[in-house]
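So this block is model00.cif, mmCIF, C-alpha atoms:
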data_my_file
#
loop_
_atom_site.group_PDB
_atom_site.id
_atom_site.type_symbol
_atom_site.label_atom_id
_atom_site.label_comp_id
_atom_site.auth_asym_id
_atom_site.auth_seq_id
_atom_site.Cartn_x
_atom_site.Cartn_y
_atom_site.Cartn_z
ATOM 1 C CA MET A 1 57.888 162.718 135.471
ATOM 2 C CA PHE A 2 55.225 162.678 138.207
ATOM 3 C CA SER A 3 55.453 166.450 138.637
ATOM 4 C CA ALA A 4 55.107 167.098 134.900
ATOM 5 C CA GLY A 5 52.121 164.763 134.629
ATOM 6 C CA THR A 6 50.179 166.145 137.565
ATOM 7 C CA ASP A 7 50.955 169.805 136.859
ATOM 8 C CA THR A 8 49.757 169.703 133.252
ATOM 9 C CA SER A 9 46.621 167.731 134.154
ATOM 10 C CA PHE A 10 45.768 170.222 136.900
ATOM 11 C CA ALA A 11 46.352 173.154 134.545
ATOM 12 C CA LEU A 12 44.043 171.640 131.918
ATOM 13 C CA LEU A 13 41.270 171.027 134.482
ATOM 14 C CA ASP A 14 41.625 174.566 135.813
ATOM 15 C CA TRP A 15 41.449 176.152 132.349
ATOM 16 C CA THR A 16 38.482 173.974 131.380
ATOM 17 C CA MET A 17 36.465 174.894 134.465
ATOM 18 C CA ALA A 18 37.317 178.574 133.986
ATOM 19 C CA GLU A 19 36.173 178.527 130.346
ATOM 20 C CA LEU A 20 32.949 176.732 131.290
ATOM 21 C CA MET A 21 32.243 179.285 134.022
ATOM 22 C CA ARG A 22 32.618 182.015 131.401
ATOM 23 C CA ASN A 23 30.408 180.145 128.925
ATOM 24 C CA GLN A 24 27.281 179.014 130.740
ATOM 25 C CA LYS A 25 25.616 177.624 127.591
ATOM 26 C CA ALA A 26 28.523 175.235 127.130
ATOM 27 C CA MET A 27 28.411 174.400 130.837
ATOM 28 C CA LYS A 28 24.719 173.494 130.671
ATOM 29 C CA LYS A 29 25.172 171.506 127.476
ATOM 30 C CA VAL A 30 28.009 169.370 128.821
ATOM 31 C CA GLN A 31 26.288 168.782 132.163
ATOM 32 C CA ASP A 32 23.047 167.792 130.419
ATOM 33 C CA GLU A 33 24.979 165.328 128.260
ATOM 34 C CA ILE A 34 26.744 163.740 131.231
ATOM 35 C CA ARG A 35 23.593 163.480 133.338
ATOM 36 C CA CYS A 36 21.503 162.046 130.508
ATOM 37 C CA ILE A 37 24.112 159.361 129.859
ATOM 38 C CA MET A 38 24.589 158.541 133.533
ATOM 39 C CA LYS A 39 20.866 158.573 134.496
ATOM 40 C CA ASP A 40 20.769 157.013 137.977
ATOM 41 C CA LYS A 41 24.291 155.526 138.000
ATOM 42 C CA THR A 42 26.533 156.660 140.832
ATOM 43 C CA LYS A 43 29.982 155.907 139.415
ATOM 44 C CA ILE A 44 31.303 157.171 136.089
ATOM 45 C CA GLU A 45 33.229 154.519 134.175
ATOM 46 C CA GLU A 46 35.396 154.561 131.062
ATOM 47 C CA SER A 47 32.561 153.103 128.976
ATOM 48 C CA ASP A 48 30.391 156.095 129.966
ATOM 49 C CA ILE A 49 33.097 158.606 129.026
ATOM 50 C CA ALA A 50 33.278 157.109 125.523
ATOM 51 C CA LYS A 51 29.679 158.249 124.890
ATOM 52 C CA MET A 52 30.282 161.860 125.929
ATOM 53 C CA ALA A 53 31.033 163.575 122.624
ATOM 54 C CA TYR A 54 30.465 167.108 123.871
ATOM 55 C CA LEU A 55 32.704 166.575 126.908
ATOM 56 C CA TYR A 56 35.468 165.462 124.544
ATOM 57 C CA ALA A 57 34.855 168.553 122.373
ATOM 58 C CA VAL A 58 35.096 170.787 125.463
ATOM 59 C CA ILE A 59 38.472 169.281 126.370
ATOM 60 C CA LYS A 60 39.771 169.615 122.811
ATOM 61 C CA GLU A 61 38.689 173.253 122.661
ATOM 62 C CA THR A 62 40.450 173.964 125.949
ATOM 63 C CA LEU A 63 43.615 172.287 124.669
ATOM 64 C CA ARG A 64 43.405 174.443 121.540
ATOM 65 C CA LEU A 65 43.181 177.685 123.511
ATOM 66 C CA HIS A 66 45.279 176.726 126.525
ATOM 67 C CA PRO A 67 47.855 174.004 125.807
ATOM 68 C CA PRO A 68 49.584 173.336 129.144
ATOM 69 C CA ALA A 69 52.989 173.379 127.429
ATOM 70 C CA THR A 70 52.809 176.288 124.979
ATOM 71 C CA MET A 71 56.278 175.678 123.559
ATOM 72 C CA LEU A 72 56.766 172.005 122.778
ATOM 73 C CA LEU A 73 60.024 170.268 123.588
ATOM 74 C CA PRO A 74 62.783 171.549 121.273
ATOM 75 C CA ARG A 75 63.685 169.551 118.184
ATOM 76 C CA GLU A 76 66.902 169.502 116.180
ATOM 77 C CA SER A 77 67.042 169.238 112.413
ATOM 78 C CA MET A 78 69.020 166.212 111.246
ATOM 79 C CA LYS A 79 69.956 167.671 107.878
ATOM 80 C CA GLU A 80 69.676 170.907 105.949
ATOM 81 C CA ALA A 81 66.228 171.679 104.558
ATOM 82 C CA ILE A 82 64.426 174.391 102.614
ATOM 83 C CA ILE A 83 61.030 175.258 104.131
ATOM 84 C CA ARG A 84 58.915 177.842 102.285
ATOM 85 C CA GLY A 85 62.025 179.452 100.878
ATOM 86 C CA TYR A 86 63.912 179.527 104.165
ATOM 87 C CA ARG A 87 67.158 177.612 104.534
ATOM 88 C CA VAL A 88 67.279 175.621 107.770
ATOM 89 C CA PRO A 89 70.828 174.332 108.424
ATOM 90 C CA ALA A 90 71.497 170.942 109.957
ATOM 91 C CA LYS A 91 71.631 170.881 113.771
ATOM 92 C CA THR A 92 69.219 173.832 114.022
ATOM 93 C CA THR A 93 67.168 173.891 117.226
ATOM 94 C CA VAL A 94 63.472 174.194 116.350
ATOM 95 C CA MET A 95 60.860 175.453 118.824
ATOM 96 C CA VAL A 96 57.177 174.754 118.028
ATOM 97 C CA ASN A 97 54.651 177.243 119.431
ATOM 98 C CA ALA A 98 51.519 175.127 120.011
ATOM 99 C CA TRP A 99 49.734 178.105 121.612
ATOM 100 C CA ALA A 100 50.105 180.248 118.476
ATOM 101 C CA ILE A 101 49.057 177.401 116.174
ATOM 102 C CA GLY A 102 45.864 176.868 118.169
ATOM 103 C CA ARG A 103 44.932 180.533 117.785
ATOM 104 C CA ASP A 104 45.963 181.029 114.163
ATOM 105 C CA PRO A 105 43.085 182.716 112.265
ATOM 106 C CA LYS A 106 44.272 181.000 109.074
ATOM 107 C CA LEU A 107 43.466 177.647 110.663
ATOM 108 C CA TRP A 108 40.534 178.435 112.945
ATOM 109 C CA GLU A 109 37.358 180.472 112.570
ATOM 110 C CA ASP A 110 37.005 183.001 115.417
ATOM 111 C CA PRO A 111 40.108 181.540 117.092
ATOM 112 C CA GLU A 112 39.783 183.529 120.334
ATOM 113 C CA GLU A 113 36.271 182.229 121.054
ATOM 114 C CA PHE A 114 35.610 179.193 123.237
ATOM 115 C CA ARG A 115 33.400 177.133 120.936
ATOM 116 C CA PRO A 116 33.459 173.345 121.546
ATOM 117 C CA GLU A 117 30.908 172.842 118.765
ATOM 118 C CA ARG A 118 33.686 173.321 116.218
ATOM 119 C CA PHE A 119 34.880 169.788 117.062
ATOM 120 C CA LEU A 120 31.531 167.959 117.027
ATOM 121 C CA ASN A 121 31.518 167.255 113.295
ATOM 122 C CA SER A 122 35.258 167.389 112.811
ATOM 123 C CA SER A 123 37.870 164.658 112.571
ATOM 124 C CA ILE A 124 40.573 166.958 113.992
ATOM 125 C CA ASP A 125 42.138 165.448 117.095
ATOM 126 C CA PHE A 126 45.129 166.125 119.353
ATOM 127 C CA LYS A 127 46.863 162.772 118.823
ATOM 128 C CA GLY A 128 49.582 164.136 116.552
ATOM 129 C CA ASN A 129 48.104 163.586 113.091
ATOM 130 C CA ASP A 130 46.498 167.031 112.721
ATOM 131 C CA PHE A 131 49.160 169.713 112.877
ATOM 132 C CA GLN A 132 46.691 172.506 113.660
ATOM 133 C CA LEU A 133 46.135 170.927 117.092
ATOM 134 C CA ILE A 134 49.292 169.509 118.668
ATOM 135 C CA PRO A 135 49.249 170.226 122.439
ATOM 136 C CA PHE A 136 51.040 166.901 123.042
ATOM 137 C CA GLY A 137 53.411 167.209 120.104
ATOM 138 C CA SER A 138 53.625 164.793 117.187
ATOM 139 C CA GLY A 139 55.662 161.985 115.715
ATOM 140 C CA ARG A 140 57.975 159.690 117.650
ATOM 141 C CA ARG A 141 58.472 162.311 120.371
ATOM 142 C CA ILE A 142 54.799 162.830 121.136
ATOM 143 C CA CYS A 143 54.085 163.005 124.873
ATOM 144 C CA PRO A 144 54.241 159.412 126.181
ATOM 145 C CA GLY A 145 51.750 160.222 128.952
ATOM 146 C CA MET A 146 49.015 161.532 126.642
ATOM 147 C CA GLN A 147 46.658 158.568 127.033
ATOM 148 C CA PHE A 148 47.026 158.469 130.807
ATOM 149 C CA ALA A 149 46.583 162.241 131.136
ATOM 150 C CA MET A 150 43.437 162.274 129.019
ATOM 151 C CA ALA A 151 41.858 159.364 130.888
ATOM 152 C CA GLU A 152 42.611 161.171 134.151
ATOM 153 C CA VAL A 153 41.246 164.542 133.007
ATOM 154 C CA GLU A 154 38.133 163.114 131.359
ATOM 155 C CA LEU A 155 37.149 161.151 134.453
ATOM 156 C CA ALA A 156 37.861 163.995 136.881
ATOM 157 C CA LEU A 157 36.051 166.609 134.795
ATOM 158 C CA ALA A 158 33.026 164.392 134.134
ATOM 159 C CA SER A 159 32.735 163.629 137.853
ATOM 160 C CA LEU A 160 32.919 167.293 138.848
ATOM 161 C CA LEU A 161 30.296 168.304 136.293
ATOM 162 C CA TYR A 162 28.031 165.361 137.088
ATOM 163 C CA ARG A 163 27.923 165.647 140.865
ATOM 164 C CA PHE A 164 27.927 169.428 141.337
ATOM 165 C CA ASP A 165 26.366 172.603 140.021
ATOM 166 C CA TRP A 166 28.822 175.470 139.839
ATOM 167 C CA ARG A 167 28.539 179.238 140.207
ATOM 168 C CA LEU A 168 30.793 182.211 140.714
ATOM 169 C CA PRO A 169 30.900 184.108 144.012
ATOM 170 C CA GLU A 170 28.196 186.700 144.640
ATOM 171 C CA LYS A 171 28.357 189.877 142.554
ATOM 172 C CA MET A 172 31.012 188.419 140.254
ATOM 173 C CA LYS A 173 30.129 188.330 136.567
ATOM 174 C CA ALA A 174 31.412 185.705 134.155
ATOM 175 C CA GLU A 175 33.093 188.289 131.932
ATOM 176 C CA GLU A 176 35.076 189.498 134.964
ATOM 177 C CA LEU A 177 36.825 186.170 135.417
ATOM 178 C CA ASP A 178 40.570 186.756 135.229
ATOM 179 C CA MET A 179 42.069 184.662 132.426
ATOM 180 C CA ARG A 180 45.641 185.944 132.610
ATOM 181 C CA GLU A 181 48.387 183.373 132.172
ATOM 182 C CA ALA A 182 51.166 182.793 134.695
ATOM 183 C CA PRO A 183 54.657 182.363 133.207
ATOM 184 C CA GLY A 184 56.461 179.064 133.574
ATOM 185 C CA LEU A 185 57.314 175.791 131.876
ATOM 186 C CA THR A 186 53.594 175.003 131.948
ATOM 187 C CA VAL A 187 51.002 177.723 131.551
ATOM 188 C CA ARG A 188 48.538 178.009 134.409
ATOM 189 C CA ARG A 189 45.989 180.690 135.165
ATOM 190 C CA MET A 190 47.590 183.473 137.172
ATOM 191 C CA PRO A 191 44.841 183.800 139.841
ATOM 192 C CA ASN A 192 43.269 180.896 141.693
ATOM 193 C CA LEU A 193 39.852 179.836 140.412
ATOM 194 C CA LEU A 194 37.267 180.502 143.121
ATOM 195 C CA VAL A 195 33.876 178.887 142.433
ATOM 196 C CA ILE A 196 31.034 177.615 144.597
ATOM 197 C CA ALA A 197 29.957 173.983 144.283
ATOM 198 C CA THR A 198 26.445 172.813 145.162
ATOM 199 C CA PRO A 199 25.684 169.063 145.186
ATOM 200 C CA HIS A 200 23.400 168.197 142.285
ATOM 201 C CA GLN A 201 20.198 166.706 143.669
ATOM 202 C CA SER A 202 18.515 165.094 140.661
ATOM 203 C CA ARG A 203 20.695 162.840 138.534
ATOM 204 C CA MET A 204 17.969 162.008 136.058
ATOM 205 C CA CYS A 205 17.989 163.332 132.506
#

Any chance you could put this one into C-alpha cells?
Amino acid sequence: MFSAGTDTSFALLDWTMAELMRNQKAMKKVQDEIRCIMKDKTKIEESDIAKMAYLYAVIKETLRLHPPATMLLPRESMKEAIIRGYRVPAKTTVMVNAWAIGRDPKLWEDPEEFRPERFLNSSIDFKGNDFQLIPFGSGRRICPGMQFAMAEVELALASLLYRFDWRLPEKMKAEELDMREAPGLTVRRMPNLLVIATPHQSRMC
C-alpha cells in the first residue's frame, strides 16, 4: 500500500514538472498564481492551495495525459449485458484503459496538447463522476488513497514552484525533453528528469 501510494505520487510529480518544463507559458502562469497568492508568506498551507485554480488545472491536465495507472484495476461483470450491440457474458473480466480515454479525440479537443486552460471553466473532475477523466477509477472501487495523494501532490508541487525557478541544462531545448514512458504497473518517464533549480529571491506578486 505504501509502495503504491508513493510510486504513483512521484510519477505524477515527475510528469507534471516535465510538462511544465516543455510549456514555459504554463510554468510562468502557475508560478505567478502561487506567488501572488502567497505574497510574503513562507509556508504554504491547505487554505492557500484551495485558491490556486490554475495549479489544480495543471494537475488535472497531467492526470489526463499521464495517469500513473494507465490500466485501472480489473473489474468483473456480475451479469450478462449488452453494450452498444456487444454481448458481455457474466463473469467477464473488464479492463479500463484510462490512458486512452484521456487522449480520445472524441472527448477532448487537441488531446495530445498540454493545455491546463481546458479545465479552468469546466466542471470535469477526476473524482469518478466524469467518465472522460478517471485516473483514480470510479464507483465503489475508486482509489481509496485519492484524497491523500492529491493533498500530497498539490502541496509538494506548489512548494517546488513557489520556492524555485527552474530551467533545463545548458544547450538543451524544451522540445528535446524525452517524454517516453517506461513499462510497468505504473507509468513513469523512462529517463530521469534533470533540471536546474535556482532559489526564487522575490516572493512578492

Considering all atoms listed in the file, tabulate each residue of stretch 63-161 of chain A that lies at most 12 Å from stretch 17-22 of chain A along with its nearest interatomic pair and the corresponding distance in Å to one decimal; arrange the rows by chain and ascending residue number and present them as a tab-separated table.
residue	atom	partner	partner_atom	distance
A:Leu63	CA	A:Glu19	CA	11.2
A:Leu65	CA	A:Glu19	CA	9.8
A:His66	CA	A:Glu19	CA	10.0
A:Glu112	CA	A:Glu19	CA	11.8
A:Glu113	CA	A:Glu19	CA	10.0
A:Phe114	CA	A:Glu19	CA	7.2
A:Arg115	CA	A:Glu19	CA	9.9
A:Pro116	CA	A:Leu20	CA	10.3
A:Val153	CA	A:Met17	CA	11.5
A:Ala156	CA	A:Met17	CA	11.3
A:Leu157	CA	A:Met17	CA	8.3
A:Ala158	CA	A:Met17	CA	11.1
A:Leu160	CA	A:Met17	CA	9.5
A:Leu161	CA	A:Met17	CA	9.2

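Minimum atom-to-atom distance to A:Pro111, evaluated using only C-alpha atoms, belongs to A:Arg64 out of A:Arg64, A:Met95, A:Gly145, A:Lys173.
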
Q. Just how far from atom CA of A:Trp166 is atom CA of A:Ala197, in Å to one decimal?
A. 4.8 Å

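Distances here use all atoms listed in the file; by that measure, the residue among A:Ala26, A:Leu193, A:Ile142, A:Val96 closest to A:Ile59 is A:Ala26.
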
Q: For atom CA of A:Arg75 and atom CA of A:Phe10, determine how far apart the two atoms are, in Å to one decimal place.
A: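 A separation of 25.9 Å between them.
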
Q) Near A:Tyr56, counting only C-alpha atoms, which residues have an atom at most 9 Å away, once you skip same-chain residues fewer than 5 positions from it, shown as a PyMOL selection string? A) chain A and resi 49-50+61+116+119-120+154
